[in-house]
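Here is the structure we will look at.
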There are 2 protein chains.
Amino acid sequence: MDVKTICLGILTFGDATGYEIKKAFQDRLSLLYEASYGSIYPALNKLTTEGLVSCRAESQSKRPDKKIYSITLEGQLAFIRQLKESPAPDKLRSEALTTLMFAHLLPASYVAQLLDDVIGANEKIIETLSGECETKHSLSEKFLCGFGIAVKQAANQYISENRHLLEAESLLSDHAAE
Amino acid sequence: MDVKTICLGILTFGDATGYEIKKAFQDRLSLLYEASYGSIYPALNKLTTEGLVSCRAESQSKRPDKKIYSITLEGQLAFIRQLKESPAPDKLRSEALTTLMFAHLLPASYVAQLLDDVIGANEKIIETLSGECETKHSLSEKFLCGFGIAVKQAANQYISENRHLLEAESLLSDHAAE
DNA sequence: CTGTGCATGTAAATCGTTACATGATTGC
DNA sequence: GCAATCATGTAACGATTTACATGCACAG
């Protein structure tokens, strides 16, 4: 699933400009996906060429023309077709945890600090999501929001209970290179 | 953190061939990172050029020469320097959950099936990791393995308890396009 | 008067996967 | 006899980010 496909999906919620689609990525999908203008605008142009979205321009005084995109019937069909392809397996990318897989090279104090940072960052996300969760109107957004909270809480609990493994790994080796 | 950096890291565990590094990605990091030969071999070549690893060839009868890579002192310093850069935030990429954010376009039976599939896939991962966890020798590997289990278990529990939200979203809308 | 929000886009650079190319050995 | 393991690499392609380019309006 690439940016193009997801833009199409976002347009099933209603017409939007490229700018608004970017916000939708942040509001609805930031837990799973982020996209920059540099990928969204070209994606919308391609979709238009392919006839999967249509575009009407609205002129504004003293602003660039607003281009409002709508998904076409053909676009809806194409999107649903893509939704039904079996999804690729989930992937977690964590530079912090990757770093910690090399705890044997790092001083114990640094490992401890990193772990605290990870826990702190997760807590911040949990807080933010907890606030947002109630403001969400759709059930799927509530689901995703709750999912994020549940997973981050589990992560923090696990880290708190097992961080000694990494801290021990660091202490066991002498990292002369530090 | 790119493949090049992680190859360097893997070599801190001991000398290895490109082939063995690929296995190390699978054995040690598959939860966080995967890499193909198409990225590993060019990475090793670049690292050699940069003097961060050295390479000795071992000729084998009836096989291509084995190229055994070692990290140099300079490489160790460079790697630790990179470990100390503050890590990018974690990212979760889940096509299945992304698909489910569009439950309003899918028939309820399909949503239910997808949820079952996700739970099943997670269970399989939990099982695999549970087996592997004991065979791991290093503490950091045990940590990561346990982390995977904890997070996937939390995910499955959350999904089981809240799947009705997505199933309802699907039922609430009529998806004529199905 | 400064930063944030609105609004669009392009070009280069980065990073990686997939497919191709080759081929012997070992275990079932 | 067939699949998996060992072993290396390149080239084309794909996807996305980053940096650049522009500029007004409004709030604090």
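Labeling convention for the structure tokens: chains A, B, ... as they appear, residues from 1 per chain, ligands from 1 in order of appearance.
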Can I have chain A aligned to chain B? Use a least-squares fit on all Cα atoms paired in order and write it out as a PDB file with C-alpha atoms, in the first residue's frame.
ATOM      1  CA  MET A   1      19.965   3.753  10.647  1.00  0.00           C
ATOM      2  CA  ASP A   2      20.510   2.124   7.347  1.00  0.00           C
ATOM      3  CA  VAL A   3      21.656  -1.318   6.273  1.00  0.00           C
ATOM      4  CA  LYS A   4      25.245  -0.155   6.155  1.00  0.00           C
ATOM      5  CA  THR A   5      25.234   0.836   9.801  1.00  0.00           C
ATOM      6  CA  ILE A   6      23.566  -2.345  10.921  1.00  0.00           C
ATOM      7  CA  CYS A   7      26.008  -4.506   8.965  1.00  0.00           C
ATOM      8  CA  LEU A   8      28.715  -2.744  10.875  1.00  0.00           C
ATOM      9  CA  GLY A   9      26.906  -3.531  14.102  1.00  0.00           C
ATOM     10  CA  ILE A  10      26.492  -7.187  13.255  1.00  0.00           C
ATOM     11  CA  LEU A  11      30.214  -7.418  12.643  1.00  0.00           C
ATOM     12  CA  THR A  12      30.808  -6.326  16.238  1.00  0.00           C
ATOM     13  CA  PHE A  13      29.560  -9.793  17.189  1.00  0.00           C
ATOM     14  CA  GLY A  14      32.312 -11.380  15.127  1.00  0.00           C
ATOM     15  CA  ASP A  15      33.601 -11.783  11.596  1.00  0.00           C
ATOM     16  CA  ALA A  16      31.086 -12.841   8.998  1.00  0.00           C
ATOM     17  CA  THR A  17      30.403 -13.244   5.307  1.00  0.00           C
ATOM     18  CA  GLY A  18      27.638 -11.354   3.524  1.00  0.00           C
ATOM     19  CA  TYR A  19      25.631 -14.521   3.595  1.00  0.00           C
ATOM     20  CA  GLU A  20      26.017 -14.857   7.341  1.00  0.00           C
ATOM     21  CA  ILE A  21      25.145 -11.231   7.871  1.00  0.00           C
ATOM     22  CA  LYS A  22      21.867 -11.837   6.108  1.00  0.00           C
ATOM     23  CA  LYS A  23      21.202 -14.688   8.520  1.00  0.00           C
ATOM     24  CA  ALA A  24      22.094 -12.457  11.448  1.00  0.00           C
ATOM     25  CA  PHE A  25      19.469  -9.991  10.282  1.00  0.00           C
ATOM     26  CA  GLN A  26      16.950 -12.821  10.355  1.00  0.00           C
ATOM     27  CA  ASP A  27      18.068 -14.352  13.619  1.00  0.00           C
ATOM     28  CA  ARG A  28      18.704 -11.268  15.664  1.00  0.00           C
ATOM     29  CA  LEU A  29      16.787  -8.407  14.149  1.00  0.00           C
ATOM     30  CA  SER A  30      13.909  -9.763  12.111  1.00  0.00           C
ATOM     31  CA  LEU A  31      11.449  -8.128  14.499  1.00  0.00           C
ATOM     32  CA  LEU A  32      12.886  -4.726  13.712  1.00  0.00           C
ATOM     33  CA  TYR A  33      14.616  -4.918  10.392  1.00  0.00           C
ATOM     34  CA  GLU A  34      15.013  -7.064   7.312  1.00  0.00           C
ATOM     35  CA  ALA A  35      17.583  -6.725   4.597  1.00  0.00           C
ATOM     36  CA  SER A  36      18.108  -8.384   1.244  1.00  0.00           C
ATOM     37  CA  TYR A  37      21.361  -9.365  -0.452  1.00  0.00           C
ATOM     38  CA  GLY A  38      20.771  -6.524  -2.846  1.00  0.00           C
ATOM     39  CA  SER A  39      21.388  -4.091  -0.025  1.00  0.00           C
ATOM     40  CA  ILE A  40      23.892  -6.052   2.057  1.00  0.00           C
ATOM     41  CA  TYR A  41      26.554  -6.757  -0.554  1.00  0.00           C
ATOM     42  CA  PRO A  42      26.773  -3.182  -1.834  1.00  0.00           C
ATOM     43  CA  ALA A  43      26.823  -1.987   1.797  1.00  0.00           C
ATOM     44  CA  LEU A  44      29.815  -4.214   2.557  1.00  0.00           C
ATOM     45  CA  ASN A  45      31.652  -2.917  -0.479  1.00  0.00           C
ATOM     46  CA  LYS A  46      31.127   0.655   0.595  1.00  0.00           C
ATOM     47  CA  LEU A  47      32.195  -0.069   4.128  1.00  0.00           C
ATOM     48  CA  THR A  48      35.360  -1.668   2.805  1.00  0.00           C
ATOM     49  CA  THR A  49      36.107   1.364   0.647  1.00  0.00           C
ATOM     50  CA  GLU A  50      35.615   3.601   3.659  1.00  0.00           C
ATOM     51  CA  GLY A  51      37.981   1.484   5.726  1.00  0.00           C
ATOM     52  CA  LEU A  52      35.335   0.632   8.326  1.00  0.00           C
ATOM     53  CA  VAL A  53      35.580  -3.073   7.606  1.00  0.00           C
ATOM     54  CA  SER A  54      38.344  -5.227   6.201  1.00  0.00           C
ATOM     55  CA  CYS A  55      37.885  -8.218   4.007  1.00  0.00           C
ATOM     56  CA  ARG A  56      39.850 -11.403   3.496  1.00  0.00           C
ATOM     57  CA  ALA A  57      38.959 -13.931   0.833  1.00  0.00           C
ATOM     58  CA  GLU A  58      38.954 -17.617   1.541  1.00  0.00           C
ATOM     59  CA  SER A  59      38.996 -19.809  -1.495  1.00  0.00           C
ATOM     60  CA  GLN A  60      36.710 -22.795  -1.437  1.00  0.00           C
ATOM     61  CA  SER A  61      36.665 -25.683  -3.809  1.00  0.00           C
ATOM     62  CA  LYS A  62      33.601 -25.598  -6.022  1.00  0.00           C
ATOM     63  CA  ARG A  63      32.006 -22.578  -4.398  1.00  0.00           C
ATOM     64  CA  PRO A  64      32.556 -18.880  -4.997  1.00  0.00           C
ATOM     65  CA  ASP A  65      35.273 -17.471  -2.764  1.00  0.00           C
ATOM     66  CA  LYS A  66      34.069 -16.711   0.708  1.00  0.00           C
ATOM     67  CA  LYS A  67      34.691 -13.115   1.670  1.00  0.00           C
ATOM     68  CA  ILE A  68      35.023 -12.798   5.386  1.00  0.00           C
ATOM     69  CA  TYR A  69      34.497  -9.318   6.723  1.00  0.00           C
ATOM     70  CA  SER A  70      35.910  -7.932   9.969  1.00  0.00           C
ATOM     71  CA  ILE A  71      35.132  -4.625  11.560  1.00  0.00           C
ATOM     72  CA  THR A  72      38.148  -2.354  11.916  1.00  0.00           C
ATOM     73  CA  LEU A  73      38.918  -0.180  14.906  1.00  0.00           C
ATOM     74  CA  GLU A  74      37.850   2.804  12.873  1.00  0.00           C
ATOM     75  CA  GLY A  75      34.634   0.969  12.085  1.00  0.00           C
ATOM     76  CA  GLN A  76      33.930   0.331  15.749  1.00  0.00           C
ATOM     77  CA  LEU A  77      34.392   3.971  16.566  1.00  0.00           C
ATOM     78  CA  ALA A  78      32.169   5.025  13.696  1.00  0.00           C
ATOM     79  CA  PHE A  79      29.475   2.584  14.747  1.00  0.00           C
ATOM     80  CA  ILE A  80      29.450   3.734  18.354  1.00  0.00           C
ATOM     81  CA  ARG A  81      29.317   7.324  17.191  1.00  0.00           C
ATOM     82  CA  GLN A  82      26.231   6.476  15.183  1.00  0.00           C
ATOM     83  CA  LEU A  83      24.628   4.588  18.060  1.00  0.00           C
ATOM     84  CA  LYS A  84      24.866   7.730  20.113  1.00  0.00           C
ATOM     85  CA  GLU A  85      22.872   9.826  17.694  1.00  0.00           C
ATOM     86  CA  SER A  86      19.393  10.170  19.036  1.00  0.00           C
ATOM     87  CA  PRO A  87      17.164   7.539  17.483  1.00  0.00           C
ATOM     88  CA  ALA A  88      14.280   8.397  15.184  1.00  0.00           C
ATOM     89  CA  PRO A  89      10.832   7.729  16.646  1.00  0.00           C
ATOM     90  CA  ASP A  90       9.402   4.241  16.334  1.00  0.00           C
ATOM     91  CA  LYS A  91       7.222   3.425  13.382  1.00  0.00           C
ATOM     92  CA  LEU A  92       4.626   0.743  13.014  1.00  0.00           C
ATOM     93  CA  ARG A  93       3.631  -0.219   9.498  1.00  0.00           C
ATOM     94  CA  SER A  94       0.563  -2.416   9.320  1.00  0.00           C
ATOM     95  CA  GLU A  95      -1.243  -2.918   6.056  1.00  0.00           C
ATOM     96  CA  ALA A  96      -3.898  -4.978   7.797  1.00  0.00           C
ATOM     97  CA  LEU A  97      -4.768  -2.214  10.237  1.00  0.00           C
ATOM     98  CA  THR A  98      -4.574   0.366   7.480  1.00  0.00           C
ATOM     99  CA  THR A  99      -7.062  -1.686   5.510  1.00  0.00           C
ATOM    100  CA  LEU A 100      -9.313  -1.830   8.533  1.00  0.00           C
ATOM    101  CA  MET A 101      -9.355   1.946   8.754  1.00  0.00           C
ATOM    102  CA  PHE A 102     -11.582   1.645   5.706  1.00  0.00           C
ATOM    103  CA  ALA A 103     -13.955  -0.849   7.269  1.00  0.00           C
ATOM    104  CA  HIS A 104     -16.823   1.351   6.118  1.00  0.00           C
ATOM    105  CA  LEU A 105     -16.137   0.151   2.589  1.00  0.00           C
ATOM    106  CA  LEU A 106     -15.944  -3.539   3.357  1.00  0.00           C
ATOM    107  CA  PRO A 107     -18.569  -6.196   4.098  1.00  0.00           C
ATOM    108  CA  ALA A 108     -18.736  -7.195   7.751  1.00  0.00           C
ATOM    109  CA  SER A 109     -17.772 -10.763   6.961  1.00  0.00           C
ATOM    110  CA  TYR A 110     -14.618  -9.571   5.275  1.00  0.00           C
ATOM    111  CA  VAL A 111     -13.716  -7.350   8.217  1.00  0.00           C
ATOM    112  CA  ALA A 112     -14.237 -10.250  10.596  1.00  0.00           C
ATOM    113  CA  GLN A 113     -12.078 -12.489   8.442  1.00  0.00           C
ATOM    114  CA  LEU A 114      -9.288  -9.936   8.313  1.00  0.00           C
ATOM    115  CA  LEU A 115      -9.364  -9.539  12.073  1.00  0.00           C
ATOM    116  CA  ASP A 116      -9.175 -13.304  12.508  1.00  0.00           C
ATOM    117  CA  ASP A 117      -6.236 -13.395  10.126  1.00  0.00           C
ATOM    118  CA  VAL A 118      -4.404 -10.693  12.035  1.00  0.00           C
ATOM    119  CA  ILE A 119      -4.967 -12.477  15.333  1.00  0.00           C
ATOM    120  CA  GLY A 120      -3.864 -15.740  13.781  1.00  0.00           C
ATOM    121  CA  ALA A 121      -0.721 -14.240  12.326  1.00  0.00           C
ATOM    122  CA  ASN A 122       0.136 -12.668  15.666  1.00  0.00           C
ATOM    123  CA  GLU A 123      -0.405 -15.946  17.461  1.00  0.00           C
ATOM    124  CA  LYS A 124       1.912 -17.671  15.068  1.00  0.00           C
ATOM    125  CA  ILE A 125       4.589 -15.078  15.731  1.00  0.00           C
ATOM    126  CA  ILE A 126       4.077 -15.435  19.473  1.00  0.00           C
ATOM    127  CA  GLU A 127       4.502 -19.184  19.197  1.00  0.00           C
ATOM    128  CA  THR A 128       7.620 -18.935  17.087  1.00  0.00           C
ATOM    129  CA  LEU A 129       9.168 -16.367  19.375  1.00  0.00           C
ATOM    130  CA  SER A 130       8.294 -18.377  22.466  1.00  0.00           C
ATOM    131  CA  GLY A 131      10.236 -21.285  21.029  1.00  0.00           C
ATOM    132  CA  GLU A 132      13.189 -19.172  19.959  1.00  0.00           C
ATOM    133  CA  CYS A 133      13.340 -17.155  23.136  1.00  0.00           C
ATOM    134  CA  GLU A 134      14.911 -19.969  25.125  1.00  0.00           C
ATOM    135  CA  THR A 135      17.494 -20.837  22.519  1.00  0.00           C
ATOM    136  CA  LYS A 136      18.839 -17.273  22.499  1.00  0.00           C
ATOM    137  CA  HIS A 137      22.103 -16.924  24.296  1.00  0.00           C
ATOM    138  CA  SER A 138      22.511 -13.188  24.663  1.00  0.00           C
ATOM    139  CA  LEU A 139      20.474 -11.113  27.062  1.00  0.00           C
ATOM    140  CA  SER A 140      19.634  -8.487  24.461  1.00  0.00           C
ATOM    141  CA  GLU A 141      18.232 -11.127  22.153  1.00  0.00           C
ATOM    142  CA  LYS A 142      16.117 -12.479  24.973  1.00  0.00           C
ATOM    143  CA  PHE A 143      14.932  -8.971  25.671  1.00  0.00           C
ATOM    144  CA  LEU A 144      13.890  -8.346  22.091  1.00  0.00           C
ATOM    145  CA  CYS A 145      12.244 -11.721  21.788  1.00  0.00           C
ATOM    146  CA  GLY A 146      10.217 -11.124  24.937  1.00  0.00           C
ATOM    147  CA  PHE A 147       9.364  -7.673  23.716  1.00  0.00           C
ATOM    148  CA  GLY A 148       7.898  -9.079  20.541  1.00  0.00           C
ATOM    149  CA  ILE A 149       5.810 -11.539  22.487  1.00  0.00           C
ATOM    150  CA  ALA A 150       4.543  -8.924  24.928  1.00  0.00           C
ATOM    151  CA  VAL A 151       3.559  -6.485  22.226  1.00  0.00           C
ATOM    152  CA  LYS A 152       1.846  -9.059  20.030  1.00  0.00           C
ATOM    153  CA  GLN A 153      -0.053 -10.438  22.982  1.00  0.00           C
ATOM    154  CA  ALA A 154      -1.251  -6.969  23.910  1.00  0.00           C
ATOM    155  CA  ALA A 155      -2.254  -6.356  20.305  1.00  0.00           C
ATOM    156  CA  ASN A 156      -4.267  -9.558  20.155  1.00  0.00           C
ATOM    157  CA  GLN A 157      -5.958  -8.882  23.452  1.00  0.00           C
ATOM    158  CA  TYR A 158      -6.913  -5.391  22.352  1.00  0.00           C
ATOM    159  CA  ILE A 159      -8.198  -6.603  19.009  1.00  0.00           C
ATOM    160  CA  SER A 160     -10.278  -9.356  20.588  1.00  0.00           C
ATOM    161  CA  GLU A 161     -11.835  -6.939  23.036  1.00  0.00           C
ATOM    162  CA  ASN A 162     -12.474  -4.134  20.580  1.00  0.00           C
ATOM    163  CA  ARG A 163     -13.050  -5.698  17.206  1.00  0.00           C
ATOM    164  CA  HIS A 164     -16.745  -4.937  17.525  1.00  0.00           C
ATOM    165  CA  LEU A 165     -15.885  -1.297  16.820  1.00  0.00           C
ATOM    166  CA  LEU A 166     -14.661  -2.162  13.356  1.00  0.00           C
ATOM    167  CA  GLU A 167     -17.347  -4.718  12.733  1.00  0.00           C
ATOM    168  CA  ALA A 168     -19.956  -2.128  13.667  1.00  0.00           C
ATOM    169  CA  GLU A 169     -18.373   0.429  11.362  1.00  0.00           C
ATOM    170  CA  SER A 170     -18.768  -2.004   8.533  1.00  0.00           C
ATOM    171  CA  LEU A 171     -22.385  -2.828   9.360  1.00  0.00           C
ATOM    172  CA  LEU A 172     -23.348   0.823   9.729  1.00  0.00           C
ATOM    173  CA  SER A 173     -22.572   1.685   6.147  1.00  0.00           C
ATOM    174  CA  ASP A 174     -23.887   0.077   3.049  1.00  0.00           C
ATOM    175  CA  HIS A 175     -21.081  -0.767   0.746  1.00  0.00           C
ATOM    176  CA  ALA A 176     -22.824  -0.994  -2.532  1.00  0.00           C
ATOM    177  CA  ALA A 177     -19.510  -1.306  -4.285  1.00  0.00           C
ATOM    178  CA  GLU A 178     -18.792  -4.669  -2.731  1.00  0.00           C
TER     179      GLU A 178
END
**Message:** For a quick test of understanding: name the residues of chain D lying within 10 Å of chain A when counting only C-alpha atoms (C1' of nucleotides), and present them as a ChimeraX atom specification.
**Reply:** /D:15-18,22-25
Output file for the residues above (N, CA and C atoms (P, O5', C5', C4', C3', O3' and C1' of nucleotides), as an mmCIF file, in the first residue's frame):
data_model
loop_
_atom_site.group_PDB
_atom_site.id
_atom_site.type_symbol
_atom_site.label_atom_id
_atom_site.label_comp_id
_atom_site.auth_asym_id
_atom_site.auth_seq_id
_atom_site.Cartn_x
_atom_site.Cartn_y
_atom_site.Cartn_z
ATOM 1 P P DA D 15 5.819 1.689 -6.492
ATOM 2 O "O5'" DA D 15 6.352 2.508 -5.242
ATOM 3 C "C5'" DA D 15 6.896 1.821 -4.139
ATOM 4 C "C4'" DA D 15 7.489 2.846 -3.191
ATOM 5 C "C3'" DA D 15 6.594 4.071 -2.989
ATOM 6 O "O3'" DA D 15 6.219 4.069 -1.620
ATOM 7 C "C1'" DA D 15 8.874 4.689 -3.387
ATOM 8 P P DT D 16 5.145 5.118 -1.047
ATOM 9 O "O5'" DT D 16 6.125 6.204 -0.397
ATOM 10 C "C5'" DT D 16 7.301 5.732 0.276
ATOM 11 C "C4'" DT D 16 8.296 6.826 0.589
ATOM 12 C "C3'" DT D 16 7.712 8.198 0.920
ATOM 13 O "O3'" DT D 16 8.072 8.506 2.263
ATOM 14 C "C1'" DT D 16 9.607 8.371 -0.528
ATOM 15 P P DT D 17 7.630 9.894 2.928
ATOM 16 O "O5'" DT D 17 9.076 10.552 3.053
ATOM 17 C "C5'" DT D 17 10.158 9.781 3.553
ATOM 18 C "C4'" DT D 17 11.460 10.573 3.452
ATOM 19 C "C3'" DT D 17 11.370 11.968 4.073
ATOM 20 O "O3'" DT D 17 12.564 12.169 4.847
ATOM 21 C "C1'" DT D 17 12.033 12.140 1.788
ATOM 22 P P DT D 18 12.644 13.489 5.749
ATOM 23 O "O5'" DT D 18 13.519 14.508 4.886
ATOM 24 C "C5'" DT D 18 14.712 14.043 4.254
ATOM 25 C "C4'" DT D 18 15.305 15.167 3.423
ATOM 26 C "C3'" DT D 18 15.104 16.561 4.033
ATOM 27 O "O3'" DT D 18 16.398 17.153 4.170
ATOM 28 C "C1'" DT D 18 14.344 16.509 1.749
ATOM 29 P P DT D 22 11.626 31.889 -5.772
ATOM 30 O "O5'" DT D 22 10.085 32.029 -5.351
ATOM 31 C "C5'" DT D 22 9.080 31.224 -5.951
ATOM 32 C "C4'" DT D 22 7.734 31.591 -5.372
ATOM 33 C "C3'" DT D 22 7.680 32.894 -4.591
ATOM 34 O "O3'" DT D 22 6.780 33.796 -5.192
ATOM 35 C "C1'" DT D 22 6.593 31.175 -3.387
ATOM 36 P P DG D 23 6.749 35.369 -4.769
ATOM 37 O "O5'" DG D 23 5.608 35.398 -3.669
ATOM 38 C "C5'" DG D 23 4.275 35.053 -4.027
ATOM 39 C "C4'" DG D 23 3.446 35.012 -2.781
ATOM 40 C "C3'" DG D 23 3.819 36.110 -1.764
ATOM 41 O "O3'" DG D 23 2.654 36.777 -1.387
ATOM 42 C "C1'" DG D 23 3.526 34.057 -0.720
ATOM 43 P P DC D 24 2.634 38.286 -0.863
ATOM 44 O "O5'" DC D 24 1.156 38.382 -0.278
ATOM 45 C "C5'" DC D 24 0.071 37.827 -1.026
ATOM 46 C "C4'" DC D 24 -0.891 37.173 -0.063
ATOM 47 C "C3'" DC D 24 -1.278 38.080 1.112
ATOM 48 O "O3'" DC D 24 -2.689 38.085 1.195
ATOM 49 C "C1'" DC D 24 -0.550 35.967 1.910
ATOM 50 P P DA D 25 -3.457 39.018 2.240
ATOM 51 O "O5'" DA D 25 -3.713 38.019 3.446
ATOM 52 C "C5'" DA D 25 -4.584 36.911 3.281
ATOM 53 C "C4'" DA D 25 -4.880 36.322 4.659
ATOM 54 C "C3'" DA D 25 -5.272 37.367 5.712
ATOM 55 O "O3'" DA D 25 -6.301 36.771 6.479
ATOM 56 C "C1'" DA D 25 -3.343 36.189 6.421
#
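The residues of chain C lying at most 9 Å from chain A, with only C-alpha atoms (C1' of nucleotides) taken into account, are DC6, DA7, DT8, DG9 and DT10 of chain C.
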**Message:** Using DSSP secondary structure from the backbone, list all helix (DSSP H, G or I) positions within chain B, as number ranges by chain.
**Reply:** B: 3-11, 18-29, 37-49, 73-83, 95-100, 103-105, 108-135, 139-172
**Prompt:** Could you name the residues that touch DA3 (chain D) at 12 Å or less, counting only C-alpha atoms (C1' of nucleotides), but leaving out those on the same chain fewer than 4 positions away, as a PyMOL selection string?
**Reply:** chain C and resi 26-28
**Item:** For DG14 (chain D): contacts at 12 Å, only C-alpha atoms (C1' of nucleotides), fewer than 6 positions along chain excluded, given as a list in words
**Value:**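 Residues near the query, excluding close chain neighbours: Asp2 of chain A; DC15, DG16, DT17 and DT18 of chain C.
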Write a file of the selected residues as a short mmCIF file (atom, residue, chain, number, x, y, z; two decimals), in the first residue's frame, keeping N, CA, C and O atoms (P, O5', C5', C4', C3', O3' and C1' of nucleotides).
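So out-v7.cif came out as:
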data_model
loop_
_atom_site.label_atom_id
_atom_site.label_comp_id
_atom_site.auth_asym_id
_atom_site.auth_seq_id
_atom_site.Cartn_x
_atom_site.Cartn_y
_atom_site.Cartn_z
N ASP A 2 0.74 1.96 -1.06
CA ASP A 2 1.56 3.17 -1.18
C ASP A 2 0.71 4.42 -0.94
O ASP A 2 -0.49 4.35 -0.72
P DC C 15 20.60 7.21 2.77
"O5'" DC C 15 19.63 5.96 3.01
"C5'" DC C 15 18.22 6.10 2.92
"C4'" DC C 15 17.64 4.91 2.21
"C3'" DC C 15 18.47 3.62 2.28
"O3'" DC C 15 17.91 2.82 3.30
"C1'" DC C 15 17.34 3.91 0.17
P DG C 16 18.47 1.39 3.68
"O5'" DG C 16 17.63 0.40 2.74
"C5'" DG C 16 16.20 0.41 2.82
"C4'" DG C 16 15.60 -0.23 1.59
"C3'" DG C 16 16.09 -1.64 1.31
"O3'" DG C 16 15.14 -2.56 1.87
"C1'" DG C 16 15.82 -0.31 -0.69
P DT C 17 15.36 -4.15 1.62
"O5'" DT C 17 14.45 -4.39 0.33
"C5'" DT C 17 13.11 -3.90 0.30
"C4'" DT C 17 12.46 -4.24 -1.03
"C3'" DT C 17 12.49 -5.74 -1.35
"O3'" DT C 17 11.19 -6.10 -1.83
"C1'" DT C 17 13.56 -4.49 -3.09
P DT C 18 10.88 -7.64 -2.11
"O5'" DT C 18 11.10 -7.80 -3.67
"C5'" DT C 18 10.60 -6.80 -4.56
"C4'" DT C 18 10.95 -7.19 -5.99
"C3'" DT C 18 11.01 -8.70 -6.23
"O3'" DT C 18 10.22 -8.97 -7.38
"C1'" DT C 18 13.07 -7.65 -6.88
#
**Item:** C1' of DA12 (chain C) to C1' of DC13 (chain D), distance in Å rounded to a single decimal
**Value:** 17.1 Å
**Request:** Going by DSSP on the backbone, which bits of region 12-173 of chain B are strand (DSSP E or B)? Write them as number ranges by chain, please.
**Result:** B: 16, 53-58, 66-71, 91-93
**Message:** Give me, as a PyMOL selection string, all polymer residues having an atom no more than 12 Å from DT4 (chain C), counting only C-alpha atoms (C1' of nucleotides) and skipping those fewer than 4 positions away in the same chain.
**Reply:** chain D and resi 25-28
Atoms to include: N, CA and C atoms (P, O5', C5', C4', C3', O3' and C1' of nucleotides). Write the selected residues as a PDB file, in the first residue's frame.
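Below you can see selection_5.pdb, which holds the result:
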ATOM      1  P    DA D  25      -3.457  39.018   2.240  1.00  0.00           P
ATOM      2  O5'  DA D  25      -3.713  38.019   3.446  1.00  0.00           O
ATOM      3  C5'  DA D  25      -4.584  36.911   3.281  1.00  0.00           C
ATOM      4  C4'  DA D  25      -4.880  36.322   4.659  1.00  0.00           C
ATOM      5  C3'  DA D  25      -5.272  37.367   5.712  1.00  0.00           C
ATOM      6  O3'  DA D  25      -6.301  36.771   6.479  1.00  0.00           O
ATOM      7  C1'  DA D  25      -3.343  36.189   6.421  1.00  0.00           C
ATOM      8  P    DC D  26      -7.263  37.674   7.359  1.00  0.00           P
ATOM      9  O5'  DC D  26      -6.948  37.113   8.814  1.00  0.00           O
ATOM     10  C5'  DC D  26      -6.755  35.705   9.016  1.00  0.00           C
ATOM     11  C4'  DC D  26      -5.950  35.469  10.284  1.00  0.00           C
ATOM     12  C3'  DC D  26      -6.238  36.466  11.398  1.00  0.00           C
ATOM     13  O3'  DC D  26      -6.480  35.719  12.569  1.00  0.00           O
ATOM     14  C1'  DC D  26      -3.922  36.247  11.083  1.00  0.00           C
ATOM     15  P    DA D  27      -7.337  36.351  13.778  1.00  0.00           P
ATOM     16  O5'  DA D  27      -6.527  35.695  14.993  1.00  0.00           O
ATOM     17  C5'  DA D  27      -5.929  34.409  14.855  1.00  0.00           C
ATOM     18  C4'  DA D  27      -4.727  34.314  15.787  1.00  0.00           C
ATOM     19  C3'  DA D  27      -4.894  35.068  17.106  1.00  0.00           C
ATOM     20  O3'  DA D  27      -4.393  34.248  18.138  1.00  0.00           O
ATOM     21  C1'  DA D  27      -2.950  35.831  15.988  1.00  0.00           C
ATOM     22  P    DG D  28      -4.724  34.483  19.648  1.00  0.00           P
ATOM     23  O5'  DG D  28      -3.291  34.698  20.285  1.00  0.00           O
ATOM     24  C5'  DG D  28      -2.163  33.883  19.923  1.00  0.00           C
ATOM     25  C4'  DG D  28      -0.879  34.624  20.288  1.00  0.00           C
ATOM     26  C3'  DG D  28      -0.981  35.426  21.587  1.00  0.00           C
ATOM     27  O3'  DG D  28       0.120  35.128  22.438  1.00  0.00           O
ATOM     28  C1'  DG D  28      -0.203  36.802  19.829  1.00  0.00           C
TER      29       DG D  28
END
